[in-house]
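Text of coords16.txt (compact mmCIF, C-alpha atoms) as supplied:
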```
# COMPACT_ATOMS: atom_id res chain seq x y z
CA MET A 10 -33.59 -0.77 -24.56
CA ASN A 11 -32.50 2.23 -22.49
CA TYR A 12 -30.41 1.91 -19.34
CA LYS A 13 -33.36 2.09 -16.95
CA GLU A 14 -35.09 -0.70 -18.87
CA PHE A 15 -31.84 -2.70 -18.82
CA LEU A 16 -31.67 -2.44 -15.02
CA GLU A 17 -35.34 -3.31 -14.62
CA SER A 18 -34.90 -6.34 -16.88
CA ILE A 19 -32.09 -7.64 -14.64
CA LEU A 20 -34.15 -7.25 -11.49
CA ASP A 21 -37.10 -8.98 -13.16
CA SER A 22 -35.20 -11.84 -14.82
CA GLU A 23 -33.05 -12.53 -11.75
CA LYS A 24 -36.04 -12.14 -9.40
CA ALA A 25 -33.90 -9.88 -7.22
CA THR A 26 -36.04 -7.65 -5.03
CA THR A 27 -34.18 -7.19 -1.73
CA VAL A 28 -30.87 -5.45 -1.08
CA THR A 29 -29.40 -8.81 -0.10
CA GLU A 30 -30.51 -10.52 -3.33
CA ILE A 31 -29.24 -7.66 -5.49
CA TYR A 32 -25.94 -7.55 -3.61
CA HIS A 33 -25.26 -11.28 -4.02
CA LEU A 34 -26.33 -11.19 -7.67
CA VAL A 35 -23.59 -8.64 -8.41
CA ARG A 36 -21.05 -9.99 -5.91
CA ASN A 37 -21.12 -13.39 -7.57
CA ILE A 38 -20.17 -12.01 -10.98
CA PRO A 39 -16.55 -13.21 -11.37
CA TYR A 40 -13.85 -10.63 -10.74
CA GLY A 41 -11.73 -9.54 -13.67
CA SER A 42 -9.81 -6.32 -14.24
CA ASN A 43 -10.15 -5.95 -17.99
CA GLY A 44 -10.38 -2.15 -18.22
CA ASN A 45 -14.11 -2.26 -18.87
CA ARG A 46 -16.21 -0.41 -16.29
CA ASP A 47 -19.47 -0.37 -18.27
CA PRO A 48 -22.13 -2.02 -16.06
CA GLN A 49 -24.01 -3.36 -19.08
CA GLU A 50 -20.88 -5.15 -20.27
CA VAL A 51 -20.16 -6.43 -16.76
CA TYR A 52 -23.59 -8.05 -16.67
CA ARG A 53 -23.46 -9.30 -20.26
CA THR A 54 -19.97 -10.83 -20.06
CA LYS A 55 -20.31 -11.92 -16.41
CA VAL A 56 -16.94 -10.47 -15.45
CA GLY A 57 -16.04 -7.16 -13.86
CA SER A 58 -13.57 -5.20 -11.77
CA CYS A 59 -14.49 -3.45 -8.54
CA SER A 60 -15.45 -0.33 -10.53
CA GLY A 61 -17.78 -2.01 -13.01
CA LYS A 62 -19.34 -4.31 -10.42
CA HIS A 63 -19.96 -1.48 -7.96
CA ILE A 64 -21.45 0.81 -10.62
CA LEU A 65 -23.82 -2.03 -11.54
CA LEU A 66 -24.65 -2.64 -7.86
CA ARG A 67 -25.28 1.07 -7.24
CA ASP A 68 -27.54 1.40 -10.24
CA LEU A 69 -29.53 -1.77 -9.51
CA LEU A 70 -30.08 -0.69 -5.91
CA ARG A 71 -31.19 2.75 -7.09
CA GLN A 72 -33.54 1.14 -9.57
CA ALA A 73 -35.01 -0.81 -6.64
CA GLY A 74 -35.62 2.49 -4.82
CA HIS A 75 -32.66 2.78 -2.45
CA GLN A 76 -30.43 5.76 -1.70
CA VAL A 77 -26.95 4.64 -2.75
CA GLU A 78 -23.53 6.09 -3.51
CA ILE A 79 -20.05 4.83 -4.34
CA ILE A 80 -17.05 5.61 -2.20
CA THR A 81 -13.57 5.54 -3.72
CA MET A 82 -10.55 4.82 -1.57
CA PHE A 83 -6.83 4.93 -2.12
CA THR A 84 -5.22 1.70 -0.97
CA HIS A 85 -2.34 -0.69 -1.51
CA PHE A 86 -4.63 -3.37 -2.86
CA ASN A 87 -2.20 -6.30 -2.73
CA LYS A 88 -1.64 -5.85 1.01
CA SER A 89 -5.22 -7.02 1.72
CA CYS A 90 -5.17 -10.01 -0.62
CA PRO A 91 -3.85 -13.43 0.36
CA VAL A 92 -0.85 -14.77 -1.51
CA HIS A 93 -1.73 -18.24 -2.71
CA GLU A 94 0.77 -20.96 -3.63
CA THR A 95 -0.87 -21.31 -7.06
CA TYR A 96 -0.02 -17.71 -7.97
CA PRO A 97 2.53 -17.39 -10.78
CA LEU A 98 5.98 -16.43 -9.45
CA GLU A 99 5.79 -12.87 -10.77
CA LEU A 100 2.48 -12.33 -8.93
CA ILE A 101 3.96 -13.75 -5.71
CA GLU A 102 6.94 -11.41 -6.06
CA ILE A 103 4.74 -8.31 -6.57
CA SER A 104 2.32 -9.34 -3.83
CA GLN A 105 5.01 -9.86 -1.22
CA ASN A 106 7.52 -7.15 -2.11
CA SER A 107 5.54 -4.19 -3.47
CA GLU A 108 2.81 -1.77 -2.52
CA VAL A 109 0.38 -1.74 -5.44
CA PRO A 110 -1.42 1.61 -5.49
CA ASP A 111 -5.08 1.43 -6.40
CA PHE A 112 -8.33 3.32 -6.16
CA HIS A 113 -10.79 0.73 -4.91
CA HIS A 114 -14.56 1.20 -4.57
CA TYR A 115 -17.43 0.09 -2.44
CA VAL A 116 -21.11 0.97 -2.32
CA ARG A 117 -22.85 2.67 0.59
CA PHE A 118 -26.59 2.47 0.93
CA LEU A 119 -28.77 4.31 3.40
CA ILE A 120 -31.12 2.31 5.58
CA ASP A 121 -32.91 3.74 8.62
CA GLY A 122 -30.59 6.75 8.62
CA ILE A 123 -27.41 4.61 8.68
CA TRP A 124 -24.95 4.20 5.81
CA VAL A 125 -24.06 0.53 5.27
CA LYS A 126 -20.88 -0.48 3.38
CA LEU A 127 -21.18 -3.10 0.65
CA ASP A 128 -18.10 -4.51 -1.06
CA ALA A 129 -18.98 -6.87 -3.92
CA THR A 130 -15.48 -7.40 -5.30
CA TRP A 131 -14.91 -11.13 -4.81
CA HIS A 132 -17.17 -13.95 -6.00
CA ASP A 133 -17.72 -17.34 -4.34
CA ALA A 134 -14.96 -19.14 -6.26
CA MET A 135 -12.41 -17.03 -4.34
CA LEU A 136 -13.49 -18.31 -0.91
CA PRO A 137 -11.13 -21.36 -0.79
CA PHE A 138 -8.19 -19.03 -1.48
CA GLY A 139 -8.79 -16.81 1.56
CA PHE A 140 -10.24 -13.73 -0.15
CA VAL A 141 -12.85 -11.54 1.57
CA VAL A 142 -15.88 -12.97 -0.24
CA ASN A 143 -18.78 -11.75 1.97
CA ASN A 144 -20.85 -14.73 0.83
CA GLU A 145 -22.69 -14.94 4.16
CA TRP A 146 -23.86 -11.31 4.30
CA ASN A 147 -27.54 -11.41 5.25
CA GLY A 148 -28.42 -7.73 5.02
CA ALA A 149 -27.34 -6.76 8.53
CA GLY A 150 -24.45 -4.35 9.00
CA ASP A 151 -21.44 -3.65 6.83
CA THR A 152 -19.69 -6.20 4.66
CA LYS A 153 -15.93 -6.52 4.97
CA LEU A 154 -13.97 -4.36 2.55
CA ALA A 155 -11.68 -6.05 0.03
CA SER A 156 -8.89 -3.65 0.94
CA VAL A 157 -7.90 -1.29 3.74
CA PRO A 158 -8.58 2.36 2.93
CA LEU A 159 -5.65 4.75 3.35
CA LEU A 160 -7.71 7.69 2.08
CA GLU A 161 -11.37 7.98 1.07
CA TYR A 162 -12.94 10.33 -1.45
CA PRO A 163 -16.54 11.57 -1.43
CA ASN A 164 -19.12 10.09 -3.78
CA GLU A 165 -18.53 10.80 -7.48
CA GLU A 166 -21.42 10.10 -9.84
CA GLU A 167 -19.17 9.96 -12.92
CA LEU A 168 -17.02 7.23 -11.41
CA THR A 169 -15.38 6.03 -14.63
CA GLU A 170 -13.95 9.45 -15.46
CA PHE A 171 -13.05 10.12 -11.84
CA LYS A 172 -11.11 6.86 -11.59
CA ARG A 173 -9.41 7.44 -14.93
CA GLY A 174 -8.15 10.77 -13.60
CA LEU A 175 -6.97 9.29 -10.32
CA VAL A 176 -5.05 6.50 -12.05
CA ALA A 177 -3.52 9.03 -14.46
CA SER A 178 -2.28 11.03 -11.45
CA LEU A 179 -0.06 8.14 -10.34
CA LYS A 180 3.61 8.07 -11.29
CA GLU A 181 4.26 6.08 -14.47
CA GLU A 182 6.08 3.31 -12.58
CA ASP A 183 3.10 2.97 -10.21
CA ARG A 184 0.65 2.82 -13.11
CA GLN A 185 2.73 0.05 -14.70
CA LEU A 186 2.97 -1.88 -11.43
CA ARG A 187 -0.79 -1.56 -10.91
CA LEU A 188 -1.50 -2.73 -14.47
CA LYS A 189 0.87 -5.70 -14.13
CA TYR A 190 -0.58 -6.77 -10.78
CA PHE A 191 -4.22 -6.65 -11.87
CA THR A 192 -3.42 -8.34 -15.19
CA LEU A 193 -1.73 -11.21 -13.36
CA VAL A 194 -4.54 -11.52 -10.77
CA THR A 195 -7.18 -11.53 -13.50
CA ARG A 196 -5.29 -14.16 -15.51
CA TRP A 197 -4.89 -16.32 -12.39
CA ILE A 198 -8.62 -16.07 -11.57
CA SER A 199 -9.64 -16.86 -15.17
CA GLN A 200 -7.52 -20.03 -15.03
CA LEU A 201 -9.24 -21.02 -11.78
CA GLU A 202 -12.61 -20.63 -13.51
CA LYS A 203 -11.55 -23.25 -16.07
```

Mind converting the file's structure to structure tokens?
Amino acid sequence: MNYKEFLESILDSEKATTVTEIYHLVRNIPYGSNGNRDPQEVYRTKVGSCSGKHILLRDLLRQAGHQVEIITMFTHFNKSCPVHETYPLELIEISQNSEVPDFHHYVRFLIDGIWVKLDATWHDAMLPFGFVVNNEWNGAGDTKLASVPLLEYPNEEELTEFKRGLVASLKEEDRQLRLKYFTLVTRWISQLEK
């Protein structure tokens, strides 16, 4: 099955035809930063980071006939995430006392000449913990972004390579901090899922 057939099979099997249905289908895939940005793996394993989930969302929306692109932003990701009492101590320490550099993504789709922002990062299980889940988005207007942009980059079609280059441009200590933070967040979320 080629990639186009893969996308069509998702839309058919999930009976997702509208932007709203496609958005919530992808948004509700559990978050997990495991280094895998392949949209086929995100769908198959039902876990994905902002990169993998937003590539999948972009491609499904395009398959459904919409004009879509992905915007990358530089941000301090932890500054937009709540610090929950069930976090491990190391995650609390990083969350409260560091600025974790990241290159976050969201999807923009064009409707009636207006670009609408869609952030599908957090799934429903994160709602009780205060994360920006966007579970009530009904197709009107922008969703809330999972993080505050400090700088935005134009659309890049080869997002995986683009992000790899951006992360590589960070200082080594920032790359290690970023890796540690997202590893701890992913581990915490996976324990919640159990």

- Query: Between A:Ala149, A:Arg46, A:Tyr12, A:Tyr40, which has the minimum distance to His132 in chain A (counting all atoms listed in the file)?
  - Reply: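 For His132 in chain A, the nearest of the given residues is A:Tyr40.
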
- Message: List the spatial neighbours of Ser89 in chain A as a list of chain:residue names - criterion: any atom at most 10 Å away, all atoms listed in the file, same-chain residues fewer than 5 positions off excluded.
- Response: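 The residues satisfying every condition are A:Thr84, A:Ser104, A:Phe140, A:Val141, A:Leu154, A:Ala155, A:Ser156, A:Val157.
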
- Item | Counting all atoms listed in the file, the residue of A:Asp111, A:Asp68, A:Glu99, A:Asp121 that sits nearest His85 in chain A | A:Asp111

Set the distance at 9 Å and use all atoms listed in the file: which residues neighbour range 181-191 of chain A once local chain neighbours fewer than 6 positions away are removed? I'd like the list as a PDB file with C-alpha atoms, keeping the file's coordinate frame.
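Wrote out_5.pdb, looks like this:
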```pdb
ATOM      1  CA  GLY A  41     -11.730  -9.540 -13.670  1.00  0.00           C
ATOM      2  CA  SER A  42      -9.810  -6.320 -14.240  1.00  0.00           C
ATOM      3  CA  ASN A  43     -10.150  -5.950 -17.990  1.00  0.00           C
ATOM      4  CA  ASN A  87      -2.200  -6.300  -2.730  1.00  0.00           C
ATOM      5  CA  GLU A  99       5.790 -12.870 -10.770  1.00  0.00           C
ATOM      6  CA  LEU A 100       2.480 -12.330  -8.930  1.00  0.00           C
ATOM      7  CA  ILE A 103       4.740  -8.310  -6.570  1.00  0.00           C
ATOM      8  CA  SER A 104       2.320  -9.340  -3.830  1.00  0.00           C
ATOM      9  CA  SER A 107       5.540  -4.190  -3.470  1.00  0.00           C
ATOM     10  CA  GLU A 108       2.810  -1.770  -2.520  1.00  0.00           C
ATOM     11  CA  VAL A 109       0.380  -1.740  -5.440  1.00  0.00           C
ATOM     12  CA  PRO A 110      -1.420   1.610  -5.490  1.00  0.00           C
ATOM     13  CA  ASP A 111      -5.080   1.430  -6.400  1.00  0.00           C
TER      14      ASP A 111
END
```

- In Å and to one decimal, CA of Lys88 in chain A is distant from CA of Trp131 in chain A by 15.4 Å

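A straight line drawn from CA of Tyr115 in chain A to CA of Pro91 in chain A is 19.4 Å long.
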
- Message: Quick check, in Å to one decimal: how far apart do CA of Thr195 in chain A and CA of Leu34 in chain A lie?
- Response: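 For CA of Thr195 in chain A relative to CA of Leu34 in chain A, the distance reads 20.0 Å.
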
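Closest to Glu167 in chain A among A:Lys153, A:Cys90, A:Asp128, A:Ile79 is A:Ile79, based on all atoms listed in the file.
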
- Nearest to Val116 in chain A by atom-to-atom distance, counting all atoms listed in the file, from A:Met135, A:Leu201, A:Ala129, A:Ile38: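 Going through A:Met135, A:Leu201, A:Ala129, A:Ile38 one by one, the smallest distance to Val116 in chain A is for A:Ala129.
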